[in-house]
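A.B. asks: Below is the file structure-v1.pdb, with PDB, C-alpha atoms.
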```pdb
MODEL        1
ATOM      1  CA  MET A 595      28.488  27.248  -2.449
ATOM      2  CA  VAL A 596      31.373  25.524  -4.216
ATOM      3  CA  THR A 597      32.213  21.902  -3.495
ATOM      4  CA  PRO A 598      35.755  20.476  -3.505
ATOM      5  CA  PHE A 599      34.740  18.349  -6.495
ATOM      6  CA  GLU A 600      33.759  21.453  -8.474
ATOM      7  CA  ILE A 601      37.075  23.131  -7.703
ATOM      8  CA  ILE A 602      38.992  20.066  -8.900
ATOM      9  CA  PHE A 603      36.750  19.797 -11.979
ATOM     10  CA  SER A 604      37.400  23.436 -12.942
ATOM     11  CA  TRP A 605      41.166  22.848 -12.919
ATOM     12  CA  LEU A 606      40.969  19.548 -14.787
ATOM     13  CA  ALA A 607      38.796  21.263 -17.392
ATOM     14  CA  LEU A 608      41.329  24.062 -17.958
ATOM     15  CA  PRO A 609      42.265  22.843 -21.488
ATOM     16  CA  VAL A 610      38.570  22.873 -22.445
ATOM     17  CA  TYR A 611      38.251  26.378 -20.965
ATOM     18  CA  VAL A 612      41.159  27.610 -23.102
ATOM     19  CA  VAL A 613      39.938  26.112 -26.393
ATOM     20  CA  GLN A 614      36.258  26.973 -26.006
ATOM     21  CA  GLY A 615      37.046  30.357 -24.455
ATOM     22  CA  LEU A 616      39.153  31.397 -27.443
ATOM     23  CA  ARG A 617      36.366  30.332 -29.789
ATOM     24  CA  VAL A 618      33.771  32.370 -27.862
ATOM     25  CA  ARG A 619      36.049  35.412 -27.759
ATOM     26  CA  ASN A 620      36.630  35.283 -31.515
ATOM     27  CA  GLN A 621      32.962  34.815 -32.354
ATOM     28  CA  SER A 622      31.261  37.047 -29.786
ATOM     29  CA  MET A 623      29.795  40.437 -30.598
ATOM     30  CA  ARG A 624      31.859  43.480 -29.640
ATOM     31  CA  MET A 625      29.810  46.311 -28.149
ATOM     32  CA  ALA A 626      31.265  49.751 -27.563
ATOM     33  CA  PRO A 627      30.368  51.653 -24.390
ATOM     34  CA  PRO A 628      28.107  54.693 -24.703
ATOM     35  CA  GLU A 629      29.599  58.139 -24.329
ATOM     36  CA  GLN A 630      30.404  58.170 -20.624
ATOM     37  CA  HIS A 631      29.127  61.044 -18.504
ATOM     38  CA  SER A 632      31.945  61.118 -15.982
ATOM     39  CA  LEU A 633      30.100  63.637 -13.790
ATOM     40  CA  VAL A 634      26.348  63.670 -13.140
ATOM     41  CA  GLU A 635      24.620  66.158 -10.851
ATOM     42  CA  ILE A 636      20.952  65.796  -9.895
ATOM     43  CA  LYS A 637      19.275  68.649  -8.055
ATOM     44  CA  GLY A 638      17.456  68.320  -4.746
ATOM     45  CA  LYS A 639      17.240  69.769  -1.265
ATOM     46  CA  GLY A 640      19.697  69.309   1.565
ATOM     47  CA  LYS A 641      23.179  67.842   1.675
ATOM     48  CA  PRO A 642      24.256  66.110  -1.541
ATOM     49  CA  ILE A 643      24.838  62.367  -1.625
ATOM     50  CA  ARG A 644      28.134  61.815  -3.442
ATOM     51  CA  LEU A 645      28.825  58.574  -5.289
ATOM     52  CA  LEU A 646      31.829  57.215  -7.138
ATOM     53  CA  PHE A 647      31.289  54.342  -9.569
ATOM     54  CA  ILE A 648      34.393  52.407 -10.543
ATOM     55  CA  GLY A 649      34.647  49.132 -12.357
ATOM     56  CA  ASP A 650      34.636  47.230 -15.598
ATOM     57  CA  SER A 651      32.452  47.484 -18.695
ATOM     58  CA  SER A 652      29.299  47.300 -16.560
ATOM     59  CA  ALA A 653      30.292  50.584 -14.910
ATOM     60  CA  ALA A 654      31.038  52.016 -18.361
ATOM     61  CA  GLY A 655      27.546  51.049 -19.542
ATOM     62  CA  VAL A 656      28.394  48.533 -22.252
ATOM     63  CA  GLY A 657      25.188  46.916 -23.461
ATOM     64  CA  VAL A 658      23.156  50.091 -23.959
ATOM     65  CA  SER A 659      23.537  53.001 -26.376
ATOM     66  CA  ASP A 660      22.734  55.781 -23.892
ATOM     67  CA  PHE A 661      24.679  56.207 -20.649
ATOM     68  CA  LYS A 662      21.473  57.306 -18.913
ATOM     69  CA  GLU A 663      20.228  53.719 -19.235
ATOM     70  CA  CYS A 664      23.144  52.024 -17.439
ATOM     71  CA  VAL A 665      23.495  51.500 -13.697
ATOM     72  CA  ALA A 666      25.787  54.501 -13.150
ATOM     73  CA  GLY A 667      23.485  56.687 -15.248
ATOM     74  CA  ARG A 668      20.190  55.583 -13.690
ATOM     75  CA  THR A 669      21.129  55.305 -10.013
ATOM     76  CA  PRO A 670      21.635  59.035  -9.275
ATOM     77  CA  HIS A 671      18.217  59.921 -10.696
ATOM     78  CA  LEU A 672      16.491  57.139  -8.763
ATOM     79  CA  LEU A 673      18.321  57.969  -5.545
ATOM     80  CA  ALA A 674      17.397  61.650  -5.842
ATOM     81  CA  GLU A 675      13.755  60.668  -6.340
ATOM     82  CA  LYS A 676      13.789  58.425  -3.283
ATOM     83  CA  THR A 677      15.565  60.836  -0.929
ATOM     84  CA  GLY A 678      14.704  64.264  -2.331
ATOM     85  CA  ARG A 679      18.364  65.189  -1.931
ATOM     86  CA  PRO A 680      20.930  66.262  -4.522
ATOM     87  CA  VAL A 681      23.023  63.438  -5.895
ATOM     88  CA  ILE A 682      26.451  63.912  -7.448
ATOM     89  CA  THR A 683      28.205  60.985  -9.108
ATOM     90  CA  ARG A 684      31.483  60.404 -10.877
ATOM     91  CA  THR A 685      32.034  57.314 -13.013
ATOM     92  CA  CYS A 686      35.256  55.587 -14.057
ATOM     93  CA  GLY A 687      34.330  52.517 -16.100
ATOM     94  CA  ASN A 688      36.969  50.574 -17.987
ATOM     95  CA  ASN A 689      36.368  47.720 -20.427
ATOM     96  CA  SER A 690      37.916  44.383 -19.403
ATOM     97  CA  ALA A 691      39.090  45.786 -16.056
ATOM     98  CA  THR A 692      39.959  43.406 -13.236
ATOM     99  CA  ALA A 693      40.354  44.108  -9.529
ATOM    100  CA  GLY A 694      44.103  44.434 -10.035
ATOM    101  CA  ASP A 695      43.600  46.964 -12.837
ATOM    102  CA  LEU A 696      41.431  49.137 -10.592
ATOM    103  CA  ARG A 697      43.926  48.886  -7.750
ATOM    104  CA  ASP A 698      47.008  49.644  -9.845
ATOM    105  CA  GLU A 699      45.810  51.807 -12.735
ATOM    106  CA  VAL A 700      42.568  53.543 -11.788
ATOM    107  CA  VAL A 701      42.580  54.440  -8.093
ATOM    108  CA  PRO A 702      46.084  56.011  -8.111
ATOM    109  CA  HIS A 703      44.951  58.423 -10.860
ATOM    110  CA  LEU A 704      41.694  59.518  -9.233
ATOM    111  CA  GLU A 705      41.731  62.975  -7.725
ATOM    112  CA  PRO A 706      41.136  63.112  -3.961
ATOM    113  CA  ALA A 707      37.513  64.042  -3.374
ATOM    114  CA  THR A 708      34.738  63.599  -0.859
ATOM    115  CA  TYR A 709      32.364  60.709  -1.484
ATOM    116  CA  ASP A 710      29.752  59.041   0.671
ATOM    117  CA  TYR A 711      29.872  55.743  -1.204
ATOM    118  CA  VAL A 712      32.172  54.071  -3.721
ATOM    119  CA  ILE A 713      30.291  51.513  -5.801
ATOM    120  CA  ILE A 714      32.628  48.808  -7.078
ATOM    121  CA  ASN A 715      31.530  46.823 -10.128
ATOM    122  CA  ILE A 716      34.236  44.196 -10.545
ATOM    123  CA  GLY A 717      34.769  40.435 -10.604
ATOM    124  CA  THR A 718      33.359  39.099 -13.868
ATOM    125  CA  ASN A 719      36.600  39.580 -15.792
ATOM    126  CA  ASP A 720      38.578  38.084 -12.912
ATOM    127  CA  SER A 721      36.343  35.014 -13.195
ATOM    128  CA  LYS A 722      36.520  34.601 -16.953
ATOM    129  CA  ASN A 723      40.298  35.202 -16.852
ATOM    130  CA  PHE A 724      40.530  32.232 -14.460
ATOM    131  CA  HIS A 725      42.060  34.248 -11.627
ATOM    132  CA  THR A 726      42.662  32.156  -8.539
ATOM    133  CA  SER A 727      41.103  32.952  -5.187
ATOM    134  CA  ASN A 728      44.552  33.853  -3.830
ATOM    135  CA  ARG A 729      45.125  36.310  -6.647
ATOM    136  CA  PHE A 730      41.661  37.822  -6.188
ATOM    137  CA  LYS A 731      42.263  38.066  -2.453
ATOM    138  CA  LYS A 732      45.453  40.032  -3.073
ATOM    139  CA  GLU A 733      44.066  42.273  -5.804
ATOM    140  CA  PHE A 734      40.511  42.886  -4.592
ATOM    141  CA  GLY A 735      41.679  43.103  -0.995
ATOM    142  CA  GLY A 736      44.339  45.597  -2.070
ATOM    143  CA  LEU A 737      41.694  47.563  -3.957
ATOM    144  CA  LEU A 738      39.601  47.903  -0.792
ATOM    145  CA  TYR A 739      42.649  49.122   1.133
ATOM    146  CA  ALA A 740      43.499  51.585  -1.642
ATOM    147  CA  LEU A 741      39.971  53.002  -1.661
ATOM    148  CA  ASN A 742      39.916  53.383   2.109
ATOM    149  CA  ALA A 743      43.233  55.233   1.951
ATOM    150  CA  LYS A 744      42.222  57.468  -0.965
ATOM    151  CA  PHE A 745      38.671  58.214   0.222
ATOM    152  CA  PRO A 746      38.660  57.648   3.999
ATOM    153  CA  GLY A 747      35.174  59.073   4.474
ATOM    154  CA  ALA A 748      33.520  56.883   1.849
ATOM    155  CA  LYS A 749      31.877  53.511   2.392
ATOM    156  CA  PRO A 750      32.749  50.983  -0.339
ATOM    157  CA  ILE A 751      29.845  48.975  -1.751
ATOM    158  CA  TRP A 752      30.730  45.903  -3.810
ATOM    159  CA  SER A 753      27.999  45.100  -6.303
ATOM    160  CA  GLY A 754      28.941  41.467  -5.989
ATOM    161  CA  LEU A 755      29.307  38.827  -8.654
ATOM    162  CA  ILE A 756      26.508  36.930 -10.323
ATOM    163  CA  ASP A 757      26.844  33.239 -11.078
ATOM    164  CA  VAL A 758      28.499  33.450 -14.500
ATOM    165  CA  GLU A 759      27.222  29.968 -15.352
ATOM    166  CA  HIS A 760      23.902  31.511 -16.358
ATOM    167  CA  ILE A 761      25.227  34.180 -18.759
ATOM    168  CA  PRO A 762      23.526  33.486 -22.132
ATOM    169  CA  LEU A 763      26.702  33.961 -24.201
ATOM    170  CA  LEU A 764      28.420  30.969 -22.635
ATOM    171  CA  SER A 765      27.583  27.428 -23.692
ATOM    172  CA  SER A 766      28.358  24.180 -21.881
ATOM    173  CA  PRO A 767      30.810  23.193 -20.526
ATOM    174  CA  LEU A 768      32.494  26.630 -20.575
ATOM    175  CA  ASN A 769      29.624  28.167 -18.613
ATOM    176  CA  LYS A 770      29.974  25.558 -15.884
ATOM    177  CA  ILE A 771      33.746  26.035 -15.641
ATOM    178  CA  ILE A 772      33.607  29.818 -15.397
ATOM    179  CA  GLY A 773      30.529  29.583 -13.180
ATOM    180  CA  ILE A 774      32.545  27.642 -10.630
ATOM    181  CA  ARG A 775      35.315  30.239 -10.788
ATOM    182  CA  SER A 776      32.791  33.048 -10.271
ATOM    183  CA  ARG A 777      31.310  31.362  -7.200
ATOM    184  CA  ILE A 778      34.798  30.893  -5.741
ATOM    185  CA  LEU A 779      35.601  34.590  -6.217
ATOM    186  CA  LYS A 780      32.167  35.646  -4.935
ATOM    187  CA  LYS A 781      32.799  33.826  -1.671
ATOM    188  CA  MET A 782      36.256  35.348  -1.342
ATOM    189  CA  GLY A 783      34.940  38.819  -2.169
ATOM    190  CA  ASP A 784      32.201  38.628   0.466
ATOM    191  CA  GLU A 785      34.748  37.556   3.068
ATOM    192  CA  LEU A 786      37.110  40.409   2.167
ATOM    193  CA  CYS A 787      34.310  42.966   2.350
ATOM    194  CA  PHE A 788      33.292  41.681   5.777
ATOM    195  CA  GLU A 789      36.882  41.789   7.033
ATOM    196  CA  ARG A 790      37.706  45.210   5.610
ATOM    197  CA  GLY A 791      34.563  47.175   6.325
ATOM    198  CA  ALA A 792      32.976  47.240   2.878
ATOM    199  CA  LEU A 793      29.314  46.616   2.206
ATOM    200  CA  TYR A 794      28.272  43.689   0.013
ATOM    201  CA  PRO A 795      24.485  43.547  -0.412
ATOM    202  CA  GLN A 796      23.192  40.262  -1.792
ATOM    203  CA  THR A 797      21.418  40.970  -5.039
ATOM    204  CA  LYS A 798      18.079  39.587  -6.171
ATOM    205  CA  TRP A 799      18.997  40.349  -9.784
ATOM    206  CA  GLN A 800      18.261  37.350 -11.989
ATOM    207  CA  PRO A 801      20.588  36.254 -14.838
ATOM    208  CA  ILE A 802      17.708  35.641 -17.269
ATOM    209  CA  ARG A 803      17.842  36.381 -21.011
ATOM    210  CA  GLU A 804      15.808  39.601 -20.939
ATOM    211  CA  ASN A 805      18.253  41.127 -18.454
ATOM    212  CA  PHE A 806      21.083  40.776 -20.973
ATOM    213  CA  SER A 807      21.865  42.839 -24.026
ATOM    214  CA  GLU A 808      22.155  41.597 -27.597
ATOM    215  CA  ASP A 809      25.661  40.274 -26.970
ATOM    216  CA  GLY A 810      24.391  37.898 -24.274
ATOM    217  CA  PHE A 811      27.038  39.072 -21.835
ATOM    218  CA  HIS A 812      26.387  42.645 -20.710
ATOM    219  CA  ALA A 813      23.217  43.912 -19.075
ATOM    220  CA  SER A 814      20.345  45.211 -21.172
ATOM    221  CA  SER A 815      18.468  48.429 -20.486
ATOM    222  CA  ARG A 816      16.010  46.380 -18.407
ATOM    223  CA  GLY A 817      18.827  44.630 -16.579
ATOM    224  CA  TYR A 818      20.545  47.897 -15.749
ATOM    225  CA  ARG A 819      17.254  49.424 -14.598
ATOM    226  CA  LEU A 820      16.589  46.582 -12.156
ATOM    227  CA  TRP A 821      20.174  46.792 -10.900
ATOM    228  CA  ALA A 822      19.940  50.571 -10.420
ATOM    229  CA  GLU A 823      16.602  50.312  -8.618
ATOM    230  CA  GLU A 824      18.023  47.775  -6.197
ATOM    231  CA  LEU A 825      21.143  49.873  -5.570
ATOM    232  CA  ALA A 826      19.186  53.100  -5.112
ATOM    233  CA  ASP A 827      16.863  51.394  -2.595
ATOM    234  CA  TYR A 828      19.872  50.067  -0.686
ATOM    235  CA  ILE A 829      21.621  53.444  -0.456
ATOM    236  CA  ALA A 830      18.383  55.231   0.413
ATOM    237  CA  ASP A 831      17.870  52.794   3.288
ATOM    238  CA  LEU A 832      21.419  53.470   4.491
ATOM    239  CA  GLN A 833      20.680  57.177   4.517
ATOM    240  CA  ASN A 834      17.646  56.572   6.747
ATOM    241  CA  GLN A 835      19.581  54.614   9.366
TER     242      GLN A 835
ENDMDL
END
```
Give the structure from the file, written as structure tokens.
C.D. replies:
Amino acid sequence: MVTPFEIIFSWLALPVYVVQGLRVRNQSMRMAPPEQHSLVEIKGKGKPIRLLFIGDSSAAGVGVSDFKECVAGRTPHLLAEKTGRPVITRTCGNNSATAGDLRDEVVPHLEPATYDYVIINIGTNDSKNFHTSNRFKKEFGGLLYALNAKFPGAKPIWSGLIDVEHIPLLSSPLNKIIGIRSRILKKMGDELCFERGALYPQTKWQPIRENFSEDGFHASSRGYRLWAEELADYIADLQNQ
């Protein structure tokens, strides 16, 4: 929940955001993504469950050295274990990507294919780039339309947006400023998903230090594992409905 006071505060604090944000960007650790396995196939019995992961550095697996440890690498194995069915996934993760980048640069270049679910990991960069709710509405909403047009048989699943205020890398008051922006975009994203037929499960994932990698910004192996377990449980439940 974001109060009117918090919204006003975030705009008044924009100069602080710029100065402190530049300092954090210059001093923060740069982590390269692991070698991305764009296609993963897990054996099983019955009809395959087909997943497409698209998103920012979290989809690319930044924070761990082995792609098998990230959410896109772990989820197919866990889902196959839970359902006994084959799982086929494709991953398109792009560092620093925003909703607009996915809409304009990624989706148009994806080959038409059959997927059951498209998992969308996006929103953190939109928050830290101080995108307005109107801009996010246009870009994330357009992304949902683009996915529905490109993959009409697939159900989009937005992984949501954690409260960025609690990311270890960010100190006060920058964490509070960006945290407000993330909560604004989270609310808008949930509304867009509801309106446009996408799923938006509410995560129980906790932004605590052990769930973050050495850089204090991306998920750790433990954080990715918890995220993948939650996502695999959610999709498995959908398959049983």
A.B. asks: Can you pull out the residues contacting stretch 799-809 of chain A? Cut-off 9 Å, using all atoms listed in the file, and skip same-chain residues under 6 positions away; I want them as JSON, numbers by chain.
C.D. replies: {"A": [622, 623, 624, 625, 656, 657, 658, 756, 757, 758, 760, 761, 762, 763, 815, 816, 817, 818, 820, 821, 824]}
A.B. asks: Residues picked by the PyMOL selection byres ((chain A and resi 772) around 12) here, as an NGL selection string?
C.D. replies: :A and (600-601 or 603-605 or 607-608 or 610-612 or 614-615 or 717-726 or 756-761 or 763-771 or 773-779)
A.B. asks: Run through the PyMOL selection byres ((chain A and resi 651) around 6) on the given coordinates and return the selected residues as a ChimeraX atom specification.
C.D. replies: /A:650,652-654,656,687-689
A.B. asks: Tell me, in Å to one decimal, how far atom CA of A:Gln630 is from atom CA of A:Thr685.
C.D. replies: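 These atoms are spaced 7.8 Å apart.
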A.B. asks: Once the PyMOL selection byres ((chain A and resi 666) around 10) is applied to the coordinates I shared, what remains selected? I want it as JSON, numbers by chain.
C.D. replies: {"A": [630, 631, 632, 634, 645, 646, 647, 648, 652, 653, 654, 655, 661, 662, 663, 664, 665, 667, 668, 669, 670, 671, 683, 684, 685, 686, 687, 713, 818, 821, 822]}
A.B. asks: When you look at stretch 736-741 of chain A with a cut-off of 8 Å (counting only C-alpha atoms), what residues show up, excluding the ones that are within fewer than 2 positions of it in the same chain? I need them as a list in words.
C.D. replies: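 Using only C-alpha atoms, the neighbours found are Ala693, Gly694, Leu696, Arg697, Val701, Lys731, Lys732, Glu733, Phe734, Ala743, Lys744, Phe745, Pro746, Pro750, Cys787, Arg790 and Ala792 of chain A.
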A.B. asks: Quick one: residues within 7 Å of A:Pro642, all atoms listed in the file counted, chain neighbours fewer than 6 positions away excluded, as a ChimeraX atom specification?
C.D. replies: /A:679-682
A.B. asks: Suppose you want the space between atom CA of A:Pro598 and atom CA of A:Glu789; what is it in Å?
C.D. replies: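 According to the coordinates, atom CA of A:Pro598 and atom CA of A:Glu789 are separated by 23.8 Å.
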A.B. asks: Skipping near chain neighbours, those fewer than 2 positions away, what residues fall within 7 Å of A:Lys749 using all atoms listed in the file, listed as a ChimeraX atom specification?
C.D. replies: /A:710-712,747,751,792
A.B. asks: If I take atom CA of A:Leu793 and atom CA of A:Leu672, how far is one from the other in Å, to one decimal?
C.D. replies: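 Atom CA of A:Leu672 lies at a distance of 19.9 Å from atom CA of A:Leu793.
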A.B. asks: Rebuild stretch 709-725 of chain A so that it carries N, CA and C atoms, then output the result as a PDB file, keeping the file's coordinate frame.
C.D. replies:
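Generated file (selection39.pdb):
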```pdb
ATOM      1  N   TYR A 709      33.472  61.560  -1.047  1.00  0.00           N
ATOM      2  CA  TYR A 709      32.364  60.709  -1.484  1.00  0.00           C
ATOM      3  C   TYR A 709      31.729  60.058  -0.255  1.00  0.00           C
ATOM      4  N   ASP A 710      30.441  59.785  -0.383  1.00  0.00           N
ATOM      5  CA  ASP A 710      29.752  59.041   0.671  1.00  0.00           C
ATOM      6  C   ASP A 710      29.864  57.536   0.420  1.00  0.00           C
ATOM      7  N   TYR A 711      29.803  57.155  -0.851  1.00  0.00           N
ATOM      8  CA  TYR A 711      29.872  55.743  -1.204  1.00  0.00           C
ATOM      9  C   TYR A 711      30.701  55.564  -2.474  1.00  0.00           C
ATOM     10  N   VAL A 712      31.464  54.485  -2.503  1.00  0.00           N
ATOM     11  CA  VAL A 712      32.172  54.071  -3.721  1.00  0.00           C
ATOM     12  C   VAL A 712      31.580  52.742  -4.150  1.00  0.00           C
ATOM     13  N   ILE A 713      30.915  52.737  -5.302  1.00  0.00           N
ATOM     14  CA  ILE A 713      30.291  51.513  -5.801  1.00  0.00           C
ATOM     15  C   ILE A 713      31.278  50.807  -6.711  1.00  0.00           C
ATOM     16  N   ILE A 714      31.603  49.568  -6.371  1.00  0.00           N
ATOM     17  CA  ILE A 714      32.628  48.808  -7.078  1.00  0.00           C
ATOM     18  C   ILE A 714      31.960  47.720  -7.917  1.00  0.00           C
ATOM     19  N   ASN A 715      32.070  47.834  -9.221  1.00  0.00           N
ATOM     20  CA  ASN A 715      31.530  46.823 -10.128  1.00  0.00           C
ATOM     21  C   ASN A 715      32.706  46.045 -10.715  1.00  0.00           C
ATOM     22  N   ILE A 716      33.054  44.950 -10.112  1.00  0.00           N
ATOM     23  CA  ILE A 716      34.236  44.196 -10.545  1.00  0.00           C
ATOM     24  C   ILE A 716      34.078  42.722 -10.176  1.00  0.00           C
ATOM     25  N   GLY A 717      34.761  41.861 -10.937  1.00  0.00           N
ATOM     26  CA  GLY A 717      34.769  40.435 -10.604  1.00  0.00           C
ATOM     27  C   GLY A 717      34.501  39.513 -11.775  1.00  0.00           C
ATOM     28  N   THR A 718      33.691  39.963 -12.735  1.00  0.00           N
ATOM     29  CA  THR A 718      33.359  39.099 -13.868  1.00  0.00           C
ATOM     30  C   THR A 718      34.593  38.787 -14.706  1.00  0.00           C
ATOM     31  N   ASN A 719      35.397  39.809 -14.992  1.00  0.00           N
ATOM     32  CA  ASN A 719      36.600  39.580 -15.792  1.00  0.00           C
ATOM     33  C   ASN A 719      37.623  38.736 -15.032  1.00  0.00           C
ATOM     34  N   ASP A 720      37.689  38.922 -13.716  1.00  0.00           N
ATOM     35  CA  ASP A 720      38.578  38.084 -12.912  1.00  0.00           C
ATOM     36  C   ASP A 720      38.165  36.617 -13.030  1.00  0.00           C
ATOM     37  N   SER A 721      36.851  36.389 -13.075  1.00  0.00           N
ATOM     38  CA  SER A 721      36.343  35.014 -13.195  1.00  0.00           C
ATOM     39  C   SER A 721      36.661  34.426 -14.552  1.00  0.00           C
ATOM     40  N   LYS A 722      36.326  35.168 -15.615  1.00  0.00           N
ATOM     41  CA  LYS A 722      36.520  34.601 -16.953  1.00  0.00           C
ATOM     42  C   LYS A 722      37.991  34.523 -17.335  1.00  0.00           C
ATOM     43  N   ASN A 723      38.851  35.299 -16.634  1.00  0.00           N
ATOM     44  CA  ASN A 723      40.298  35.202 -16.852  1.00  0.00           C
ATOM     45  C   ASN A 723      40.940  34.112 -15.988  1.00  0.00           C
ATOM     46  N   PHE A 724      40.091  33.371 -15.267  1.00  0.00           N
ATOM     47  CA  PHE A 724      40.530  32.232 -14.460  1.00  0.00           C
ATOM     48  C   PHE A 724      41.497  32.658 -13.334  1.00  0.00           C
ATOM     49  N   HIS A 725      41.234  33.832 -12.752  1.00  0.00           N
ATOM     50  CA  HIS A 725      42.060  34.248 -11.627  1.00  0.00           C
ATOM     51  C   HIS A 725      41.786  33.353 -10.425  1.00  0.00           C
TER      52      HIS A 725
END
```
